[in-house]
Structure formats: C-alpha cells, structure tokens
file data28.cif (mmCIF, C-alpha atoms and all ligand atoms)
data_final
#
loop_
_atom_site.group_PDB
_atom_site.id
_atom_site.type_symbol
_atom_site.label_atom_id
_atom_site.label_comp_id
_atom_site.auth_asym_id
_atom_site.auth_seq_id
_atom_site.Cartn_x
_atom_site.Cartn_y
_atom_site.Cartn_z
ATOM 1 C CA MET A 1 -6.935 24.883 -12.781
ATOM 2 C CA SER A 2 -9.940 27.201 -12.523
ATOM 3 C CA PHE A 3 -13.281 26.056 -13.853
ATOM 4 C CA LEU A 4 -13.183 28.615 -16.707
ATOM 5 C CA SER A 5 -9.672 27.723 -17.826
ATOM 6 C CA SER A 6 -10.551 24.022 -17.627
ATOM 7 C CA LEU A 7 -13.435 24.684 -20.033
ATOM 8 C CA ALA A 8 -10.907 26.064 -22.520
ATOM 9 C CA ASP A 9 -8.517 23.144 -22.050
ATOM 10 C CA ARG A 10 -9.506 20.521 -24.626
ATOM 11 C CA ASP A 11 -7.526 17.775 -22.884
ATOM 12 C CA HIS A 12 -9.131 18.380 -19.532
ATOM 13 C CA VAL A 13 -11.293 15.493 -18.359
ATOM 14 C CA PHE A 14 -13.966 16.430 -15.863
ATOM 15 C CA ASP A 15 -14.251 14.199 -12.781
ATOM 16 C CA PHE A 16 -17.943 13.560 -13.350
ATOM 17 C CA LEU A 17 -17.228 12.245 -16.869
ATOM 18 C CA VAL A 18 -14.760 9.623 -15.662
ATOM 19 C CA PRO A 19 -16.325 6.325 -14.614
ATOM 20 C CA ALA A 20 -14.937 5.193 -11.252
ATOM 21 C CA THR A 21 -13.570 2.007 -12.808
ATOM 22 C CA SER A 22 -11.748 3.574 -15.791
ATOM 23 C CA PRO A 23 -8.088 2.558 -15.888
ATOM 24 C CA VAL A 24 -5.556 4.590 -13.980
ATOM 25 C CA ASP A 25 -3.820 7.037 -16.299
ATOM 26 C CA VAL A 26 -0.102 7.346 -15.599
ATOM 27 C CA ARG A 27 0.945 8.594 -19.046
ATOM 28 C CA HIS A 28 1.612 12.114 -17.850
ATOM 29 C CA GLY A 29 2.707 11.637 -14.287
ATOM 30 C CA PRO A 30 2.763 9.631 -11.080
ATOM 31 C CA ILE A 31 0.410 6.884 -9.971
ATOM 32 C CA LEU A 32 -0.253 8.526 -6.608
ATOM 33 C CA TYR A 33 -0.122 12.189 -5.795
ATOM 34 C CA LEU A 34 -0.860 13.850 -2.448
ATOM 35 C CA GLU A 35 -0.668 17.630 -2.318
ATOM 36 C CA ASP A 36 -0.838 19.849 0.766
ATOM 37 C CA VAL A 37 -2.870 17.288 2.685
ATOM 38 C CA SER A 38 -3.768 18.052 6.296
ATOM 39 C CA VAL A 39 -6.059 16.436 8.835
ATOM 40 C CA SER A 40 -6.664 17.218 12.490
ATOM 41 C CA PHE A 41 -8.192 15.084 15.199
ATOM 42 C CA ASP A 42 -9.622 17.196 18.026
ATOM 43 C CA GLY A 43 -7.323 20.076 17.106
ATOM 44 C CA PHE A 44 -4.215 17.866 16.818
ATOM 45 C CA LYS A 45 -2.670 17.932 13.323
ATOM 46 C CA ALA A 46 -1.929 14.283 12.562
ATOM 47 C CA ILE A 47 -1.129 15.113 8.918
ATOM 48 C CA ASP A 48 0.294 18.545 8.275
ATOM 49 C CA ASP A 49 0.701 19.807 4.710
ATOM 50 C CA LEU A 50 1.837 16.427 3.441
ATOM 51 C CA ASN A 51 3.158 16.168 -0.122
ATOM 52 C CA LEU A 52 3.962 12.769 -1.584
ATOM 53 C CA THR A 53 4.437 11.480 -5.122
ATOM 54 C CA ILE A 54 4.721 7.792 -6.015
ATOM 55 C CA ASP A 55 5.765 6.884 -9.562
ATOM 56 C CA ASP A 56 4.262 4.060 -11.560
ATOM 57 C CA GLY A 57 5.990 0.809 -10.654
ATOM 58 C CA GLU A 58 7.915 2.314 -7.774
ATOM 59 C CA LEU A 59 8.644 0.535 -4.501
ATOM 60 C CA ARG A 60 8.655 3.209 -1.790
ATOM 61 C CA CYS A 61 9.395 2.709 1.883
ATOM 62 C CA ILE A 62 7.849 5.030 4.442
ATOM 63 C CA ILE A 63 9.524 5.242 7.819
ATOM 64 C CA GLY A 64 9.100 7.511 10.816
ATOM 65 C CA PRO A 65 8.656 7.478 14.572
ATOM 66 C CA ASN A 66 5.469 6.337 16.299
ATOM 67 C CA GLY A 67 2.693 8.850 15.749
ATOM 68 C CA ALA A 68 4.362 10.357 12.644
ATOM 69 C CA GLY A 69 1.147 9.901 10.658
ATOM 70 C CA LYS A 70 1.999 6.817 8.554
ATOM 71 C CA THR A 71 -1.249 4.966 9.279
ATOM 72 C CA THR A 72 -3.310 8.129 8.898
ATOM 73 C CA MET A 73 -1.686 8.721 5.504
ATOM 74 C CA MET A 74 -2.688 5.196 4.384
ATOM 75 C CA ASP A 75 -6.206 5.822 5.766
ATOM 76 C CA ILE A 76 -6.471 8.973 3.641
ATOM 77 C CA ILE A 77 -5.340 7.208 0.465
ATOM 78 C CA THR A 78 -7.846 4.373 0.945
ATOM 79 C CA GLY A 79 -10.727 6.696 1.817
ATOM 80 C CA LYS A 80 -11.050 5.629 5.451
ATOM 81 C CA THR A 81 -10.158 9.124 6.674
ATOM 82 C CA ARG A 82 -11.095 12.333 4.871
ATOM 83 C CA PRO A 83 -8.489 15.096 5.052
ATOM 84 C CA ASP A 84 -9.535 18.623 6.003
ATOM 85 C CA THR A 85 -7.593 20.124 3.086
ATOM 86 C CA GLY A 86 -5.452 19.097 0.139
ATOM 87 C CA SER A 87 -5.832 16.822 -2.854
ATOM 88 C CA VAL A 88 -5.187 13.136 -3.485
ATOM 89 C CA TRP A 89 -5.043 11.760 -7.027
ATOM 90 C CA PHE A 90 -4.651 8.240 -8.374
ATOM 91 C CA GLY A 91 -3.044 8.738 -11.754
ATOM 92 C CA SER A 92 -4.230 11.867 -13.539
ATOM 93 C CA ARG A 93 -7.899 10.845 -13.706
ATOM 94 C CA HIS A 94 -9.089 9.770 -10.329
ATOM 95 C CA ASN A 95 -9.697 12.238 -7.564
ATOM 96 C CA LEU A 96 -9.669 9.912 -4.552
ATOM 97 C CA LEU A 97 -11.243 12.513 -2.292
ATOM 98 C CA ALA A 98 -14.417 12.270 -4.363
ATOM 99 C CA MET A 99 -14.678 8.508 -3.787
ATOM 100 C CA ASN A 100 -15.596 6.167 -0.962
ATOM 101 C CA GLU A 101 -13.583 3.169 0.288
ATOM 102 C CA PRO A 102 -15.123 0.474 -1.961
ATOM 103 C CA GLU A 103 -14.779 2.708 -5.039
ATOM 104 C CA ILE A 104 -11.116 3.346 -4.247
ATOM 105 C CA ALA A 105 -10.471 -0.377 -3.704
ATOM 106 C CA SER A 106 -12.143 -1.197 -7.008
ATOM 107 C CA LEU A 107 -9.805 1.208 -8.797
ATOM 108 C CA GLY A 108 -6.953 -1.126 -7.874
ATOM 109 C CA ILE A 109 -5.637 0.118 -4.552
ATOM 110 C CA GLY A 110 -5.074 -2.823 -2.208
ATOM 111 C CA ARG A 111 -4.159 -2.472 1.438
ATOM 112 C CA LYS A 112 -2.595 -5.013 3.718
ATOM 113 C CA PHE A 113 -2.752 -4.414 7.438
ATOM 114 C CA GLN A 114 -0.042 -5.619 9.799
ATOM 115 C CA LYS A 115 -1.954 -8.581 11.191
ATOM 116 C CA PRO A 116 -2.763 -11.315 8.663
ATOM 117 C CA THR A 117 -6.469 -12.044 8.342
ATOM 118 C CA VAL A 118 -6.689 -15.186 6.238
ATOM 119 C CA PHE A 119 -9.525 -17.692 6.598
ATOM 120 C CA GLU A 120 -7.766 -20.366 8.665
ATOM 121 C CA ALA A 121 -10.217 -23.203 8.056
ATOM 122 C CA LEU A 122 -10.093 -22.796 4.287
ATOM 123 C CA SER A 123 -7.261 -24.058 2.102
ATOM 124 C CA VAL A 124 -4.663 -21.714 0.629
ATOM 125 C CA PHE A 125 -6.320 -22.205 -2.764
ATOM 126 C CA GLU A 126 -9.773 -21.418 -1.391
ATOM 127 C CA ASN A 127 -8.509 -18.269 0.304
ATOM 128 C CA LEU A 128 -7.260 -17.006 -3.054
ATOM 129 C CA GLU A 129 -10.492 -18.067 -4.709
ATOM 130 C CA LEU A 130 -12.535 -16.219 -2.143
ATOM 131 C CA ALA A 131 -10.490 -13.068 -2.684
ATOM 132 C CA MET A 132 -11.838 -13.058 -6.223
ATOM 133 C CA ALA A 133 -15.472 -13.797 -5.370
ATOM 134 C CA ALA A 134 -18.040 -11.041 -5.599
ATOM 135 C CA ASP A 135 -19.986 -12.515 -2.699
ATOM 136 C CA LYS A 136 -17.463 -13.331 0.026
ATOM 137 C CA ARG A 137 -19.865 -15.729 1.759
ATOM 138 C CA ILE A 138 -19.924 -18.205 -1.102
ATOM 139 C CA LEU A 139 -16.948 -20.015 -2.605
ATOM 140 C CA PRO A 140 -17.241 -20.075 -6.402
ATOM 141 C CA THR A 141 -16.398 -23.823 -6.390
ATOM 142 C CA LEU A 142 -19.512 -24.491 -4.330
ATOM 143 C CA THR A 143 -21.610 -22.938 -7.036
ATOM 144 C CA ALA A 144 -19.445 -24.553 -9.746
ATOM 145 C CA ARG A 145 -18.866 -21.147 -11.240
ATOM 146 C CA MET A 146 -15.087 -20.912 -11.094
ATOM 147 C CA THR A 147 -13.894 -19.975 -14.531
ATOM 148 C CA GLY A 148 -10.660 -21.116 -16.158
ATOM 149 C CA GLU A 149 -9.492 -17.548 -15.964
ATOM 150 C CA VAL A 150 -9.812 -17.491 -12.172
ATOM 151 C CA ARG A 151 -8.083 -20.863 -11.911
ATOM 152 C CA ASP A 152 -5.174 -19.573 -14.038
ATOM 153 C CA ARG A 153 -4.907 -16.450 -11.923
ATOM 154 C CA ILE A 154 -4.810 -18.537 -8.721
ATOM 155 C CA GLU A 155 -1.989 -20.667 -10.192
ATOM 156 C CA GLU A 156 -0.054 -17.526 -11.148
ATOM 157 C CA VAL A 157 -0.484 -16.005 -7.697
ATOM 158 C CA LEU A 158 0.423 -19.279 -5.914
ATOM 159 C CA GLU A 159 3.702 -19.261 -7.817
ATOM 160 C CA THR A 160 4.374 -15.584 -7.057
ATOM 161 C CA ILE A 161 3.865 -16.055 -3.313
ATOM 162 C CA GLY A 162 5.702 -19.407 -3.276
ATOM 163 C CA LEU A 163 2.861 -21.441 -1.756
ATOM 164 C CA GLU A 164 2.172 -23.887 -4.636
ATOM 165 C CA GLU A 165 3.057 -26.918 -2.543
ATOM 166 C CA LEU A 166 0.772 -25.843 0.287
ATOM 167 C CA ARG A 167 -2.229 -25.042 -1.892
ATOM 168 C CA ASN A 168 -4.488 -27.758 -0.472
ATOM 169 C CA GLY A 169 -3.553 -27.386 3.175
ATOM 170 C CA PRO A 170 -5.620 -25.262 5.538
ATOM 171 C CA ALA A 171 -4.320 -21.712 5.891
ATOM 172 C CA GLY A 172 -4.414 -22.225 9.674
ATOM 173 C CA ILE A 173 -1.277 -24.402 9.575
ATOM 174 C CA LEU A 174 0.817 -21.827 7.704
ATOM 175 C CA SER A 175 3.656 -20.062 9.497
ATOM 176 C CA HIS A 176 3.218 -16.378 10.308
ATOM 177 C CA GLY A 177 5.310 -15.418 7.268
ATOM 178 C CA GLN A 178 3.386 -17.716 4.943
ATOM 179 C CA LYS A 179 0.106 -16.202 6.145
ATOM 180 C CA GLN A 180 1.443 -12.756 5.291
ATOM 181 C CA TRP A 181 2.364 -13.942 1.788
ATOM 182 C CA LEU A 182 -1.052 -15.530 1.352
ATOM 183 C CA GLU A 183 -2.690 -12.269 2.279
ATOM 184 C CA ILE A 184 -0.547 -10.419 -0.232
ATOM 185 C CA GLY A 185 -1.634 -13.084 -2.734
ATOM 186 C CA MET A 186 -5.273 -12.380 -1.885
ATOM 187 C CA LEU A 187 -4.694 -8.742 -2.769
ATOM 188 C CA LEU A 188 -2.962 -9.750 -6.002
ATOM 189 C CA MET A 189 -6.012 -11.727 -7.119
ATOM 190 C CA GLN A 190 -7.714 -8.410 -7.862
ATOM 191 C CA ARG A 191 -4.785 -7.291 -10.056
ATOM 192 C CA PRO A 192 -4.169 -4.094 -8.079
ATOM 193 C CA ARG A 193 -2.071 -1.231 -9.432
ATOM 194 C CA LEU A 194 -1.030 0.083 -6.032
ATOM 195 C CA LEU A 195 -0.333 -1.966 -2.903
ATOM 196 C CA LEU A 196 -0.132 -0.342 0.520
ATOM 197 C CA ILE A 197 1.587 -2.675 2.954
ATOM 198 C CA ASP A 198 1.846 -2.052 6.668
ATOM 199 C CA GLU A 199 4.814 -3.569 8.560
ATOM 200 C CA PRO A 200 5.079 -6.759 6.484
ATOM 201 C CA VAL A 201 8.005 -8.323 8.346
ATOM 202 C CA ALA A 202 7.019 -7.740 11.976
ATOM 203 C CA GLY A 203 7.345 -11.117 13.728
ATOM 204 C CA MET A 204 9.043 -12.853 10.793
ATOM 205 C CA THR A 205 12.153 -15.040 10.869
ATOM 206 C CA GLU A 206 15.279 -13.871 8.992
ATOM 207 C CA GLN A 207 14.553 -16.350 6.220
ATOM 208 C CA GLU A 208 10.950 -15.173 5.895
ATOM 209 C CA MET A 209 12.168 -11.587 5.761
ATOM 210 C CA GLU A 210 14.493 -12.410 2.888
ATOM 211 C CA ARG A 211 11.696 -14.131 1.006
ATOM 212 C CA THR A 212 9.403 -11.149 1.647
ATOM 213 C CA ALA A 213 12.046 -8.780 0.299
ATOM 214 C CA GLU A 214 12.209 -10.847 -2.905
ATOM 215 C CA LEU A 215 8.421 -10.951 -3.150
ATOM 216 C CA LEU A 216 7.912 -7.197 -2.733
ATOM 217 C CA THR A 217 10.768 -6.169 -5.031
ATOM 218 C CA GLY A 218 9.429 -8.626 -7.625
ATOM 219 C CA LEU A 219 5.916 -7.160 -7.422
ATOM 220 C CA ALA A 220 7.022 -3.598 -8.110
ATOM 221 C CA GLY A 221 7.600 -2.498 -11.655
ATOM 222 C CA LYS A 222 6.124 -0.493 -14.512
ATOM 223 C CA GLY A 223 2.972 -2.104 -15.851
ATOM 224 C CA LYS A 224 2.863 -4.268 -12.699
ATOM 225 C CA GLN A 225 2.258 -2.838 -9.241
ATOM 226 C CA SER A 226 3.513 0.170 -7.372
ATOM 227 C CA VAL A 227 4.225 -0.757 -3.757
ATOM 228 C CA VAL A 228 4.256 1.470 -0.679
ATOM 229 C CA VAL A 229 5.669 -0.224 2.414
ATOM 230 C CA VAL A 230 5.473 1.199 5.929
ATOM 231 C CA GLU A 231 8.113 -0.527 8.022
ATOM 232 C CA HIS A 232 10.098 0.003 11.202
ATOM 233 C CA ASP A 233 12.717 -2.681 10.570
ATOM 234 C CA MET A 234 15.619 -0.691 9.143
ATOM 235 C CA GLY A 235 17.547 -3.769 7.989
ATOM 236 C CA PHE A 236 14.565 -4.783 5.889
ATOM 237 C CA VAL A 237 14.042 -1.259 4.555
ATOM 238 C CA ARG A 238 17.680 -1.126 3.541
ATOM 239 C CA SER A 239 17.345 -4.438 1.715
ATOM 240 C CA ILE A 240 14.403 -3.345 -0.465
ATOM 241 C CA ALA A 241 14.352 0.443 -0.603
ATOM 242 C CA ARG A 242 15.142 2.533 -3.630
ATOM 243 C CA THR A 243 13.613 5.687 -2.193
ATOM 244 C CA VAL A 244 12.754 6.190 1.446
ATOM 245 C CA THR A 245 10.363 8.839 2.750
ATOM 246 C CA VAL A 246 10.705 9.844 6.381
ATOM 247 C CA LEU A 247 7.528 11.146 7.980
ATOM 248 C CA HIS A 248 7.626 13.242 11.121
ATOM 249 C CA GLN A 249 4.762 15.122 12.753
ATOM 250 C CA GLY A 250 2.530 14.536 9.759
ATOM 251 C CA SER A 251 4.806 15.789 6.999
ATOM 252 C CA VAL A 252 7.848 14.720 5.002
ATOM 253 C CA LEU A 253 11.039 15.306 6.958
ATOM 254 C CA ALA A 254 13.389 13.788 4.376
ATOM 255 C CA GLU A 255 13.313 11.764 1.192
ATOM 256 C CA GLY A 256 16.044 10.003 -0.752
ATOM 257 C CA SER A 257 18.110 6.842 -0.839
ATOM 258 C CA MET A 258 18.495 4.866 2.384
ATOM 259 C CA ASP A 259 22.051 6.183 2.710
ATOM 260 C CA GLN A 260 20.950 9.785 2.239
ATOM 261 C CA VAL A 261 18.202 9.654 4.831
ATOM 262 C CA ALA A 262 20.232 7.539 7.281
ATOM 263 C CA HIS A 263 22.895 10.251 7.353
ATOM 264 C CA ASP A 264 20.495 13.193 7.481
ATOM 265 C CA PRO A 265 21.004 14.857 10.898
ATOM 266 C CA ARG A 266 17.273 15.660 11.224
ATOM 267 C CA VAL A 267 16.352 12.017 10.630
ATOM 268 C CA ILE A 268 18.986 10.838 13.077
ATOM 269 C CA GLU A 269 17.631 13.209 15.686
ATOM 270 C CA VAL A 270 13.969 12.259 15.458
ATOM 271 C CA TYR A 271 14.107 8.640 14.404
ATOM 272 C CA LEU A 272 17.305 6.715 13.902
ATOM 273 C CA GLY A 273 19.277 7.732 16.971
ATOM 274 C CA ALA A 274 22.898 8.742 17.267
ATOM 275 C CA ASP A 275 24.582 6.117 15.082
ATOM 276 C CA PRO A 276 22.882 5.846 11.669
ATOM 277 C CA ASP A 277 25.208 3.048 10.488
ATOM 278 C CA GLU A 278 24.370 0.924 13.474
ATOM 279 C CA GLU A 279 20.642 1.690 13.397
ATOM 280 C CA ALA A 280 20.297 1.442 9.653
ATOM 281 C CA ALA A 281 22.604 -1.515 9.076
HETATM 282 N N1 LIG B 1 -8.929 8.748 14.878
HETATM 283 C C1 LIG B 1 -8.045 9.434 15.594
HETATM 284 N N2 LIG B 1 -8.423 10.251 16.594
HETATM 285 C C2 LIG B 1 -7.536 10.962 17.313
HETATM 286 N N3 LIG B 1 -6.199 10.938 17.095
HETATM 287 C C3 LIG B 1 -5.756 10.128 16.116
HETATM 288 C C4 LIG B 1 -6.635 9.335 15.316
HETATM 289 N N4 LIG B 1 -5.886 8.656 14.413
HETATM 290 C C5 LIG B 1 -4.598 8.999 14.646
HETATM 291 N N5 LIG B 1 -4.517 9.883 15.653
HETATM 292 C C6 LIG B 1 -3.284 10.506 16.162
HETATM 293 O O1 LIG B 1 -2.583 10.983 15.033
HETATM 294 C C7 LIG B 1 -1.181 10.784 15.179
HETATM 295 C C8 LIG B 1 -0.646 9.993 14.024
HETATM 296 O O2 LIG B 1 -1.041 8.639 14.188
HETATM 297 P P1 LIG B 1 -0.672 7.469 13.175
HETATM 298 O O3 LIG B 1 -1.318 6.226 13.704
HETATM 299 O O4 LIG B 1 -1.036 7.879 11.798
HETATM 300 O O5 LIG B 1 0.912 7.375 13.320
HETATM 301 P P2 LIG B 1 1.900 6.243 12.808
HETATM 302 O O6 LIG B 1 3.034 6.937 12.145
HETATM 303 O O7 LIG B 1 1.148 5.248 11.991
HETATM 304 O O8 LIG B 1 2.395 5.574 14.151
HETATM 305 P P3 LIG B 1 2.867 4.049 14.463
HETATM 306 O O9 LIG B 1 4.232 3.892 13.883
HETATM 307 O O10 LIG B 1 2.869 3.992 15.950
HETATM 308 O O11 LIG B 1 1.845 3.125 13.847
HETATM 309 C C9 LIG B 1 -0.987 10.102 16.536
HETATM 310 O O12 LIG B 1 -0.634 11.086 17.484
HETATM 311 C C10 LIG B 1 -2.338 9.498 16.820
HETATM 312 O O13 LIG B 1 -2.573 9.426 18.206
#

call {"tool": "encode", "arguments": {"input": "data28.cif", "output": "structure tokens"}}
result
Amino acid sequence: MSFLSSLADRDHVFDFLVPATSPVDVRHGPILYLEDVSVSFDGFKAIDDLNLTIDDGELRCIIGPNGAGKTTMMDIITGKTRPDTGSVWFGSRHNLLAMNEPEIASLGIGRKFQKPTVFEALSVFENLELAMAADKRILPTLTARMTGEVRDRIEEVLETIGLEELRNGPAGILSHGQKQWLEIGMLLMQRPRLLLIDEPVAGMTEQEMERTAELLTGLAGKGKQSVVVVEHDMGFVRSIARTVTVLHQGSVLAEGSMDQVAHDPRVIEVYLGADPDEEAA
C-alpha cells in the first residue's frame, strides 16, 4: 500500500503507532507471513525470493537438504539476520524487519535450537522459574518474589512437558529427550504465540520421539501456539505433519501434505531419494 493510499485507509495502522508489545493480530490473516524474502552472503543467495505463510495455531514442518536455507529462514524471523529484500510480518500489525531480536522475542516468538541448553545444576522447577525471571542471574525464590501466578504457570508447564515427577531433581540428570522437553517448557513459560523448533528429535530414542510428537501436536492450536518444526527425520515429520514445506536453494520447492510432497518428483530428486515410500515411511 502506498503512503498516500494508506492515509485514506481508515483501518490502516501505522507501524510507529503500534507498541512493540501489542498483541499479535490474526483476525484478518496468518500469524507469520514472509513475502519475497532474499538474503545473500558474499554474493551467494542463501534465501531466494522466499514466500511462506503460517496460519494461527498451525503446526508446520520444514524439510529440505543441507544448505537449503532452513536455519537462515529462522534467523530472519527472529531478527538475527536481516534480509536484503522482502517483508516479514507477525500477524497483521508487527513488521518484524523493523524490530531487533529482543523486541521480536518479547512479541511471543520463541526459538529452540537443536542442542538443549538447560542449567544443569539447577532443578527442573528452577529452570522453569528462571525462564520467567527478568534478571536471569537471580532466581525469584532467592529474592522471595515468586508470585502465585508464576508458581501456577510452572505447574501447568511441568504437566505439559511431563516432568512433574522430576521437578526437584537437577536438570543435569535428565535424559537427552527430557532436557529437550524442559527447554520447550522454558519457552512456554513466556506464553509464546509462535514456536520455532530446530531438529527436536535428533538423538532421541523411539519412545522419546513419540512423546515429543504428542507434545508438539498438543501445543499447536488456535488460541494456543503456532509451531514451526525444522526436522530431517522423515518418520517423525510424517507422524506430526499436517502441511510440509520443502525448501531448496533458499526458496519453496513444494508444499502440501506429507504424501503430496513425498511423491513430488522434484522433492524426490533433491531430497528424498529414489524411493519416497521407503525414505518417508
Ligand atoms: N553467515 C553466513 N555467511 C555465509 N554463508 C552462510 C551464512 N549463513 C548461512 N550461509 C550459507 O547459506 C546456505 C544456507 O544455510 P542454512 O544453514 O540456512 O541451511 P540449512 O537448510 O539450515 O542447512 P542444514 O540442514 O545443514 O542445517 C548454506 O550454503 C550456508 O553455507
């Protein structure tokens, strides 16, 4: 919309009038919208005219070969990398390209990297408590400032991630899978609207993978979170995916149900290999 026509549009809300913390507005569209986004590193186009739309409450899986641009895409959404061109919107109000990383995080976009980074010496409970604290160096319990509201939220999150029984044990003794769930719980403490999760099941046992599938599918939903999962494990993707986006050379090669993309000849050629049923089973 041009500046002049936006002046005439009574519903138009100017960026500078919207406080960074105002709630995400998904009444008229998606929760996340990337349009014609490109970024080059030393002349190499890592993201090339990328278009992506994530609906409110959706659970989307992103797959693609190494170097397809999945991490760079996440970096652009969270403000770590600035694209050369394009636009990135969170709901219809928040222009993410006008914000820095902390501002974007405070809007309710949580990111989980592949490797869990919990505080091993602290208990599971304290890790969740710390995720809520404004000053990460001081546990609220030490200053006797933990409110009932925070305590209730911790209880809720402990139940969601299935670690109630382990609440008082040090996070260091958790299995790899349990650490991943705790870290997801730490993100949930902030009541995010969008979760970006990088390879959640790498290194997990079958049982942990099943539990993670339940956790992620349970988190997604309208009025709850939207979840974007980058994952290489096709069995896991098949078990959780409604819609799969295949990235290749920085743009969307295919999008659809797991079955649709697994049988797409272009996807088979660049990513899945010759036998989609075998690879995607
Ligand atoms: N900061 C950077 N400087 C130079 N090149 C970069 C930078 N970040 C990413 N790239 C390049 O951009 C391309 C896309 O990388 P990216 O890490 O986004 O891919 P990916 O899909 O996440 O891969 P993987 O599945 O291996 O994690 C790669 O060729 C990578 O080498």

call {"tool": "resolve_selection", "arguments": {"input": "data28.cif", "expression": "the PyMOL selection byres (((chain A and resi 262-274) around 12) and not hetatm)", "output": "ChimeraX atom specification"}}
result
/A:63-68,232-235,237-238,243-249,252-261,275-281

call {"tool": "closest_atom_pairs", "arguments": {"input": "data28.cif", "of": "chain A", "to": "ligand LIG 1 (chain B)", "cutoff": "10 Å", "atoms": "all atoms listed in the file", "output": "JSON lines"}}
result
{"residue": "A:Val39", "atom": "CA", "partner": "B:LIG1", "partner_atom": "O1", "distance": 9.0}
{"residue": "A:Ser40", "atom": "CA", "partner": "B:LIG1", "partner_atom": "N3", "distance": 7.8}
{"residue": "A:Phe41", "atom": "CA", "partner": "B:LIG1", "partner_atom": "C2", "distance": 4.7}
{"residue": "A:Asp42", "atom": "CA", "partner": "B:LIG1", "partner_atom": "C2", "distance": 6.6}
{"residue": "A:Gly43", "atom": "CA", "partner": "B:LIG1", "partner_atom": "C2", "distance": 9.1}
{"residue": "A:Phe44", "atom": "CA", "partner": "B:LIG1", "partner_atom": "N3", "distance": 7.2}
{"residue": "A:Lys45", "atom": "CA", "partner": "B:LIG1", "partner_atom": "O1", "distance": 7.2}
{"residue": "A:Ala46", "atom": "CA", "partner": "B:LIG1", "partner_atom": "O1", "distance": 4.2}
{"residue": "A:Ile47", "atom": "CA", "partner": "B:LIG1", "partner_atom": "C8", "distance": 7.2}
{"residue": "A:Ile62", "atom": "CA", "partner": "B:LIG1", "partner_atom": "O6", "distance": 9.3}
{"residue": "A:Ile63", "atom": "CA", "partner": "B:LIG1", "partner_atom": "O6", "distance": 8.0}
{"residue": "A:Gly64", "atom": "CA", "partner": "B:LIG1", "partner_atom": "O6", "distance": 6.2}
{"residue": "A:Pro65", "atom": "CA", "partner": "B:LIG1", "partner_atom": "O9", "distance": 5.7}
{"residue": "A:Asn66", "atom": "CA", "partner": "B:LIG1", "partner_atom": "O10", "distance": 3.5}
{"residue": "A:Gly67", "atom": "CA", "partner": "B:LIG1", "partner_atom": "O5", "distance": 3.4}
{"residue": "A:Ala68", "atom": "CA", "partner": "B:LIG1", "partner_atom": "O6", "distance": 3.7}
{"residue": "A:Gly69", "atom": "CA", "partner": "B:LIG1", "partner_atom": "O4", "distance": 3.2}
{"residue": "A:Lys70", "atom": "CA", "partner": "B:LIG1", "partner_atom": "O6", "distance": 3.7}
{"residue": "A:Thr71", "atom": "CA", "partner": "B:LIG1", "partner_atom": "O7", "distance": 3.6}
{"residue": "A:Thr72", "atom": "CA", "partner": "B:LIG1", "partner_atom": "O4", "distance": 3.7}
{"residue": "A:Met73", "atom": "CA", "partner": "B:LIG1", "partner_atom": "O4", "distance": 6.4}
{"residue": "A:Met74", "atom": "CA", "partner": "B:LIG1", "partner_atom": "O4", "distance": 8.1}
{"residue": "A:Asp75", "atom": "CA", "partner": "B:LIG1", "partner_atom": "O4", "distance": 8.2}
{"residue": "A:Ile76", "atom": "CA", "partner": "B:LIG1", "partner_atom": "O4", "distance": 9.9}
{"residue": "A:Thr81", "atom": "CA", "partner": "B:LIG1", "partner_atom": "N1", "distance": 8.3}
{"residue": "A:Gln114", "atom": "CA", "partner": "B:LIG1", "partner_atom": "O11", "distance": 9.8}
{"residue": "A:Asp198", "atom": "CA", "partner": "B:LIG1", "partner_atom": "O11", "distance": 8.9}
{"residue": "A:Glu199", "atom": "CA", "partner": "B:LIG1", "partner_atom": "O11", "distance": 9.0}
{"residue": "A:Val230", "atom": "CA", "partner": "B:LIG1", "partner_atom": "O7", "distance": 8.5}
{"residue": "A:Glu231", "atom": "CA", "partner": "B:LIG1", "partner_atom": "O9", "distance": 8.3}
{"residue": "A:His232", "atom": "CA", "partner": "B:LIG1", "partner_atom": "O9", "distance": 7.5}
{"residue": "A:Leu247", "atom": "CA", "partner": "B:LIG1", "partner_atom": "O6", "distance": 7.4}
{"residue": "A:His248", "atom": "CA", "partner": "B:LIG1", "partner_atom": "O6", "distance": 7.9}
{"residue": "A:Gln249", "atom": "CA", "partner": "B:LIG1", "partner_atom": "C8", "distance": 7.6}
{"residue": "A:Gly250", "atom": "CA", "partner": "B:LIG1", "partner_atom": "C8", "distance": 7.0}

call {"tool": "resolve_selection", "arguments": {"input": "data28.cif", "expression": "the PyMOL selection byres (((chain A and resi 210-224) around 10) and not hetatm)", "output": "ChimeraX atom specification"}}
result
/A:26,55-60,160-162,177-178,180-181,184,188,191-195,197,200-201,204-209,225-229,236-237,239-242

call {"tool": "atom_distance", "arguments": {"input": "data28.cif", "atom1": "CA of Phe125 (chain A)", "atom2": "CA of Ile77 (chain A)"}}
result
29.6 Å

call {"tool": "atom_distance", "arguments": {"input": "data28.cif", "atom1": "CA of Gly79 (chain A)", "atom2": "CA of Glu126 (chain A)"}}
result
28.3 Å

call {"tool": "atom_distance", "arguments": {"input": "data28.cif", "atom1": "CA of Leu174 (chain A)", "atom2": "CA of Gly148 (chain A)"}}
result
26.5 Å

call {"tool": "resolve_selection", "arguments": {"input": "data28.cif", "expression": "the PyMOL selection byres (((chain A and resi 164-173) around 12) and not hetatm)", "output": "PyMOL selection string"}}
result
chain A and resi 116-129+154-163+174-183+185

call {"tool": "closest_residue", "arguments": {"input": "data28.cif", "among": "A:Gly108, A:Gly203, A:Gly86, A:Gly91", "to": "Asn51 (chain A)", "atoms": "all atoms listed in the file"}}
result
A:Gly86

call {"tool": "axis_aligned_box", "arguments": {"input": "data28.cif", "around": "region 57-68 of chain A", "padding_each_side": "6 Å", "output": "lines of an AutoDock Vina configuration file"}}
result
center_x = 6.1
center_y = 5.4
center_z = 2.8
size_x = 18.8
size_y = 21.8
size_z = 39.0

call {"tool": "closest_residue", "arguments": {"input": "data28.cif", "among": "A:Cys61, A:Ile54, A:Val24, A:Leu196", "to": "Leu107 (chain A)", "atoms": "all atoms listed in the file"}}
result
A:Val24

call {"tool": "decode", "arguments": {"input": "data28.cif", "residues": "region 73-86 of chain A", "atoms": "C-alpha atoms", "output": "compact mmCIF listing (two decimals), in the first residue's frame"}}
result
# COMPACT_ATOMS: atom_id res chain seq x y z
CA MET A 73 14.97 -18.53 7.44
CA MET A 74 14.63 -18.98 11.23
CA ASP A 75 17.39 -16.37 11.73
CA ILE A 76 15.42 -13.89 9.60
CA ILE A 77 12.18 -14.46 11.52
CA THR A 78 13.90 -13.96 14.89
CA GLY A 79 15.82 -10.88 13.77
CA LYS A 80 19.27 -12.46 13.91
CA THR A 81 19.76 -11.98 10.16
CA ARG A 82 18.37 -9.06 8.17
CA PRO A 83 17.21 -9.91 4.65
CA ASP A 84 18.32 -7.76 1.72
CA THR A 85 14.76 -7.54 0.37
CA GLY A 86 11.23 -8.66 1.18
